[in-house]
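Shown here: coords14.tsv, TSV, C-alpha atoms.
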chain	number	residue	atom	x	y	z
N	27	MET	CA	90.79	-23.76	-43.78
N	28	ALA	CA	89.13	-23.24	-40.39
N	29	ARG	CA	86.02	-21.93	-42.11
N	30	LEU	CA	85.81	-25.01	-44.34
N	31	GLN	CA	86.25	-27.26	-41.31
N	32	ASP	CA	83.37	-25.51	-39.53
N	33	LYS	CA	81.15	-25.94	-42.59
N	34	LEU	CA	82.05	-29.61	-42.80
N	35	LYS	CA	81.26	-30.05	-39.11
N	36	ASP	CA	77.81	-28.49	-39.60
N	37	VAL	CA	77.13	-30.75	-42.59
N	38	LEU	CA	78.13	-33.87	-40.65
N	39	VAL	CA	75.83	-32.92	-37.76
N	40	LYS	CA	72.93	-32.42	-40.18
N	41	LEU	CA	73.72	-35.72	-41.86
N	42	HIS	CA	73.62	-37.58	-38.56
N	43	THR	CA	70.31	-35.98	-37.57
N	44	LEU	CA	68.77	-36.58	-40.98
N	45	GLN	CA	69.99	-40.17	-41.05
N	46	GLU	CA	68.10	-40.93	-37.83
N	47	ARG	CA	65.00	-39.25	-39.26
N	48	VAL	CA	65.21	-41.30	-42.47
N	49	LYS	CA	65.38	-44.50	-40.41
N	50	VAL	CA	62.22	-43.53	-38.53
N	51	LEU	CA	60.40	-42.57	-41.71
N	52	HIS	CA	61.46	-45.79	-43.37
N	53	ARG	CA	60.09	-47.90	-40.48
N	54	GLU	CA	56.82	-45.99	-40.54
N	55	HIS	CA	56.57	-46.35	-44.32
N	56	ARG	CA	57.20	-50.10	-44.12
N	57	SER	CA	54.54	-50.43	-41.42
N	58	LEU	CA	52.04	-48.49	-43.53
N	59	SER	CA	52.86	-50.62	-46.58
N	60	GLU	CA	51.90	-53.76	-44.69
N	61	THR	CA	48.50	-52.33	-43.67
N	62	ARG	CA	47.88	-50.32	-46.84
N	63	ASN	CA	44.33	-50.37	-48.18
N	64	PRO	CA	44.03	-48.47	-51.51
N	65	LYS	CA	40.24	-48.47	-51.21
N	66	ASN	CA	40.41	-46.58	-47.90
N	67	ILE	CA	40.91	-42.89	-48.73
N	68	THR	CA	42.30	-41.98	-45.31
N	69	SER	CA	44.74	-44.90	-45.26
N	70	GLU	CA	45.91	-44.15	-48.82
N	71	PHE	CA	46.39	-40.46	-48.00
N	72	VAL	CA	48.51	-41.25	-44.93
N	73	TYR	CA	50.58	-43.75	-46.94
N	74	ARG	CA	51.29	-41.32	-49.79
N	75	ALA	CA	52.08	-38.44	-47.39
N	76	GLN	CA	54.54	-40.67	-45.58
N	77	MET	CA	56.14	-41.68	-48.89
N	78	ARG	CA	56.51	-37.99	-49.88
N	79	ASN	CA	58.18	-37.18	-46.55
N	80	LEU	CA	60.57	-40.11	-47.01
N	81	ASN	CA	61.50	-39.06	-50.56
N	82	THR	CA	62.07	-35.45	-49.46
N	83	ALA	CA	64.31	-36.58	-46.60
N	84	CYS	CA	66.30	-38.84	-48.92
N	85	LYS	CA	66.87	-36.00	-51.44
N	86	GLU	CA	68.01	-33.70	-48.65
N	87	TYR	CA	70.35	-36.41	-47.41
N	88	ASP	CA	71.88	-36.81	-50.91
N	89	GLN	CA	72.47	-33.04	-51.15
N	90	LEU	CA	74.27	-33.05	-47.81
N	91	VAL	CA	76.44	-35.95	-48.93
N	92	GLU	CA	77.45	-33.96	-52.04
N	93	GLN	CA	78.35	-30.97	-49.86
N	94	GLN	CA	80.40	-33.25	-47.63
N	95	ILE	CA	82.35	-34.62	-50.59
N	96	GLU	CA	82.98	-31.12	-51.97
N	97	LEU	CA	84.21	-29.75	-48.63
N	98	GLU	CA	86.44	-32.76	-48.00
N	99	SER	CA	87.93	-32.34	-51.49
N	100	LYS	CA	88.74	-28.68	-50.82
N	101	LEU	CA	90.32	-29.52	-47.47
N	102	GLN	CA	92.47	-32.22	-49.06
N	103	GLU	CA	93.61	-29.73	-51.70
N	104	LEU	CA	94.59	-27.23	-49.02
N	105	ASP	CA	96.45	-29.91	-47.09
N	106	ALA	CA	98.38	-30.85	-50.23
N	107	ASN	CA	99.39	-27.19	-50.88
N	108	PRO	CA	100.46	-25.69	-47.56
N	109	PRO	CA	101.49	-22.01	-47.47
N	110	SER	CA	105.13	-21.24	-48.17
N	111	ASP	CA	107.51	-20.99	-45.23
N	112	VAL	CA	108.98	-17.81	-46.73
N	113	TYR	CA	107.15	-14.52	-47.27
N	114	LEU	CA	107.51	-14.70	-51.05
N	115	SER	CA	108.64	-17.58	-53.18
N	116	SER	CA	110.78	-16.95	-56.25
N	117	ARG	CA	107.73	-17.26	-58.49
N	118	ASP	CA	105.70	-14.89	-56.29
N	119	ARG	CA	108.56	-12.38	-56.45
N	120	GLN	CA	108.68	-12.59	-60.24
N	121	ILE	CA	104.94	-11.92	-60.47
N	122	LEU	CA	105.23	-8.97	-58.07
N	123	ASP	CA	108.21	-7.55	-59.97
N	124	TRP	CA	106.24	-7.79	-63.21
N	125	HIS	CA	103.44	-5.70	-61.71
N	126	PHE	CA	106.00	-3.18	-60.42
N	127	ALA	CA	107.56	-2.91	-63.88
N	128	ASN	CA	104.15	-2.58	-65.54
N	129	LEU	CA	103.21	0.20	-63.10
N	130	GLU	CA	106.44	2.09	-63.78
N	131	PHE	CA	105.95	1.65	-67.51
N	132	ALA	CA	102.37	2.94	-67.42
N	133	ASN	CA	103.35	6.02	-65.39
N	134	ALA	CA	106.79	6.59	-66.98
N	135	THR	CA	108.53	7.00	-63.63
N	136	PRO	CA	110.06	4.86	-60.85
N	137	LEU	CA	107.76	3.66	-58.09
N	138	HIS	CA	109.28	5.96	-55.45
N	139	ASN	CA	108.01	8.95	-57.46
N	140	LEU	CA	104.40	7.76	-57.42
N	141	SER	CA	101.75	8.70	-54.90
N	142	LEU	CA	100.13	5.71	-53.21
N	143	LYS	CA	96.79	7.55	-53.20
N	144	HIS	CA	96.82	9.50	-56.48
N	145	TRP	CA	98.96	7.43	-58.88
N	146	ASP	CA	95.88	6.47	-60.92
N	147	GLN	CA	94.05	9.80	-60.77
N	148	ASP	CA	93.88	9.96	-64.57
N	149	ASP	CA	91.89	6.72	-64.84
N	150	ASP	CA	88.60	8.64	-64.72
N	151	PHE	CA	89.54	10.47	-67.92
N	152	GLU	CA	91.07	7.67	-69.98
N	153	PHE	CA	89.46	6.18	-73.05
N	154	SER	CA	87.17	3.24	-72.40
N	155	GLY	CA	87.47	-0.12	-74.09
N	156	SER	CA	90.25	-2.61	-74.65
N	157	HIS	CA	93.92	-1.75	-75.01
N	158	LEU	CA	94.89	-1.42	-78.65
N	159	THR	CA	98.05	-1.06	-80.69
N	160	VAL	CA	98.63	0.51	-84.09
N	161	ARG	CA	98.96	-1.93	-86.95
N	162	ASN	CA	102.38	-1.78	-88.66
N	163	GLY	CA	103.81	0.22	-85.76
N	164	TYR	CA	103.31	3.71	-84.36
N	165	SER	CA	105.44	5.30	-87.08
N	166	CYS	CA	102.42	5.37	-89.39
N	167	VAL	CA	100.81	7.99	-87.10
N	168	PRO	CA	103.39	10.79	-87.64
N	169	VAL	CA	103.72	9.76	-91.28
N	170	ALA	CA	99.99	10.35	-91.76
N	171	LEU	CA	100.09	13.64	-89.83
N	172	CYS	CA	102.96	15.06	-91.88
N	173	GLU	CA	101.44	14.17	-95.23
N	174	GLY	CA	101.64	17.16	-97.56
N	175	LEU	CA	104.16	18.99	-95.35
N	176	ASP	CA	107.70	20.01	-96.34
N	177	ILE	CA	109.72	17.81	-93.99
N	178	ARG	CA	113.50	18.27	-94.14
N	179	LEU	CA	115.70	15.91	-92.20
N	180	SER	CA	119.27	16.72	-91.07
N	181	THR	CA	118.46	20.43	-91.39
N	182	ALA	CA	119.54	23.00	-88.77
N	183	VAL	CA	117.95	26.39	-88.10
N	184	ARG	CA	120.66	29.08	-88.40
N	185	LYS	CA	118.72	32.32	-88.03
N	186	ILE	CA	115.21	33.49	-87.19
N	187	SER	CA	114.19	37.02	-88.30
N	188	TYR	CA	111.04	38.94	-87.43
N	189	ASP	CA	109.59	41.93	-89.30
N	190	ASN	CA	106.22	43.43	-90.09
N	191	ASN	CA	105.74	40.97	-92.91
N	192	GLY	CA	106.11	37.90	-90.69
N	193	VAL	CA	108.89	35.47	-89.86
N	194	GLU	CA	111.85	34.25	-91.91
N	195	VAL	CA	113.83	31.17	-90.93
N	196	GLN	CA	117.23	30.45	-92.50
N	197	VAL	CA	118.20	26.77	-92.53
N	198	SER	CA	121.07	24.75	-93.94
N	199	CYS	CA	122.51	21.25	-93.81
N	200	ALA	CA	123.33	20.37	-90.22
N	201	ARG	CA	126.62	18.66	-91.13
N	202	ASN	CA	128.42	21.06	-93.46
N	203	HIS	CA	126.23	24.20	-93.58
N	204	SER	CA	125.54	23.63	-97.27
N	205	ASN	CA	122.33	24.26	-99.18
N	206	PRO	CA	121.17	27.37	-97.25
N	207	THR	CA	117.45	28.08	-97.55
N	208	THR	CA	115.15	30.85	-96.33
N	209	ILE	CA	111.65	29.90	-95.24
N	210	LYS	CA	108.89	32.45	-94.73
N	211	GLY	CA	106.64	31.53	-91.80
N	212	ALA	CA	107.42	29.21	-88.91
N	213	SER	CA	105.84	27.34	-86.06
N	214	CYS	CA	108.20	26.67	-83.15
N	215	HIS	CA	107.76	23.57	-80.98
N	216	SER	CA	110.33	22.66	-78.33
N	217	MET	CA	110.55	19.22	-76.78
N	218	CYS	CA	110.89	18.58	-73.05
N	219	GLY	CA	114.50	17.56	-73.56
N	220	CYS	CA	115.30	21.07	-74.80
N	221	ASN	CA	114.03	22.71	-71.66
N	222	ASN	CA	116.66	23.69	-69.10
N	223	GLY	CA	115.51	25.43	-65.94
N	224	GLY	CA	112.39	26.75	-67.63
N	225	LYS	CA	114.35	28.40	-70.47
N	226	VAL	CA	114.46	27.02	-74.01
N	227	GLN	CA	118.02	26.69	-75.28
N	228	VAL	CA	118.40	28.10	-78.82
N	229	TRP	CA	121.23	26.97	-81.08
N	230	CYS	CA	120.79	29.71	-83.67
N	231	THR	CA	121.00	33.48	-83.99
N	232	ARG	CA	117.85	35.51	-83.72
N	233	ASP	CA	116.90	38.94	-84.91
N	234	ASP	CA	115.31	40.57	-81.83
N	235	SER	CA	113.47	43.21	-83.84
N	236	ASN	CA	110.20	41.55	-82.94
N	237	PRO	CA	107.18	43.46	-84.36
N	238	PRO	CA	104.37	44.56	-82.02
N	239	TRP	CA	102.08	41.68	-83.13
N	240	GLY	CA	104.72	39.16	-82.07
N	241	GLN	CA	105.44	40.65	-78.64

In structure tokens, what does this structure look like?
Amino acid sequence: MARLQDKLKDVLVKLHTLQERVKVLHREHRSLSETRNPKNITSEFVYRAQMRNLNTACKEYDQLVEQQIELESKLQELDANPPSDVYLSSRDRQILDWHFANLEFANATPLHNLSLKHWDQDDDFEFSGSHLTVRNGYSCVPVALCEGLDIRLSTAVRKISYDNNGVEVQVSCARNHSNPTTIKGASCHSMCGCNNGGKVQVWCTRDDSNPPWGQ
């Protein structure tokens, strides 16, 4: 607000100075109009030069008046919306909490686990462009990836055997151990939730006769 008040003060000073100059130019122009002689080149030149100076001063005066109106409008708006007596209003707190929640969501961790300096260190490597979402939900992504694969739900791995011919995995129904099946070849992927102290917990028996190529 103090900066706007200083600008308004400068504009008012310029307006006062320019107003006095316009009065002088107007008197001189009126005097020249009374003695104007269009046939006298020198007299006509002085008259037109004086008219140009008067028009320029009037345009400058109008611009300063517009600046005055704009600054006074901004000051009135600030006077009508004084700063809150409290540090944060309830609405300000809601907006701040939203940003906190969005930050925790984006980083998948509470704020106290984030580094103030390095929390966004991956921004340099993220994809450019607008944020997008998958039409019809994200489930269509794994559905497309598993197309053509033998996916068996509610199936538990009971035994993993290794030999020189490869890997055999014995599976059965997770609920009642029915429908046992032996699968030749396997690719093991463990989720983060299965990791305990750096060791993967295995809920099946395993034949430890691992061939040299699988060591």

Which residue is closest to Arg53 (chain N)? Choose from N:Arg117, N:Asp32, N:Leu80, N:Tyr87 and count all atoms listed in the file.
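Among the listed residues, the smallest separation from Arg53 (chain N) belongs to N:Leu80.
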
Leu104 (chain N) proximity check over N:Asn139, N:Thr208, N:Gln31, N:Thr61, using all atoms listed in the file: winner is N:Gln31

_If I take CA of Leu34 (chain N) and CA of Glu98 (chain N), how far is one from the other in Å, to one decimal?_
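Those two atoms sit 7.5 Å apart.
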
In Å and to one decimal, CA of Lys210 (chain N) is distant from CA of Val193 (chain N) by 5.7 Å

Each side padded by 4 Å, which centre and which edge lengths in Å (one decimal) define the axis-aligned box around the listed atoms of region 189-197 of chain N? Give them as AutoDock Vina command-line options.
--center_x 112.0 --center_y 35.1 --center_z -91.1 --size_x 20.5 --size_y 24.7 --size_z 11.6

note - CA of Ile67 (chain N) and CA of Asn81 (chain N) are separated by 21.0 Å

For Asn79 (chain N), please output as a list of chain:residue names all residues within 10 Å (counting only C-alpha atoms; exclusion window: fewer than 2 positions along the same chain). N:Val48, N:Leu51, N:His52, N:His55, N:Arg74, N:Ala75, N:Gln76, N:Met77, N:Asn81, N:Thr82, N:Ala83, N:Cys84

Give me the residues near Leu41 (chain N) as a PyMOL selection string, where near means some atom within 12 Å (using only C-alpha atoms) and where sequence neighbours in that chain fewer than 3 positions away do not count. chain N and resi 34-38+44-48+83-94

Residues around (101.8, 6.4, -60.1), cut-off 12 Å, counting all atoms listed in the file - what are they as a PyMOL selection string?
chain N and resi 126-149

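Comparing N:Thr159, N:Thr207, N:Asn202, N:Asn191 by their smallest distance to Arg178 (chain N), the closest is N:Thr207 (using only C-alpha atoms).
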
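Among the candidate residues N:Ile209, N:Asp118, N:Leu175, N:Ser204, the one lying nearest to Gly192 (chain N) is N:Ile209, with distances computed using all atoms listed in the file.
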
Residues near Val183 (chain N), anyone? I mean within 7 Å using only C-alpha atoms, not counting same-chain ones fewer than 6 positions away, as a ChimeraX atom specification.
/N:195-198,230
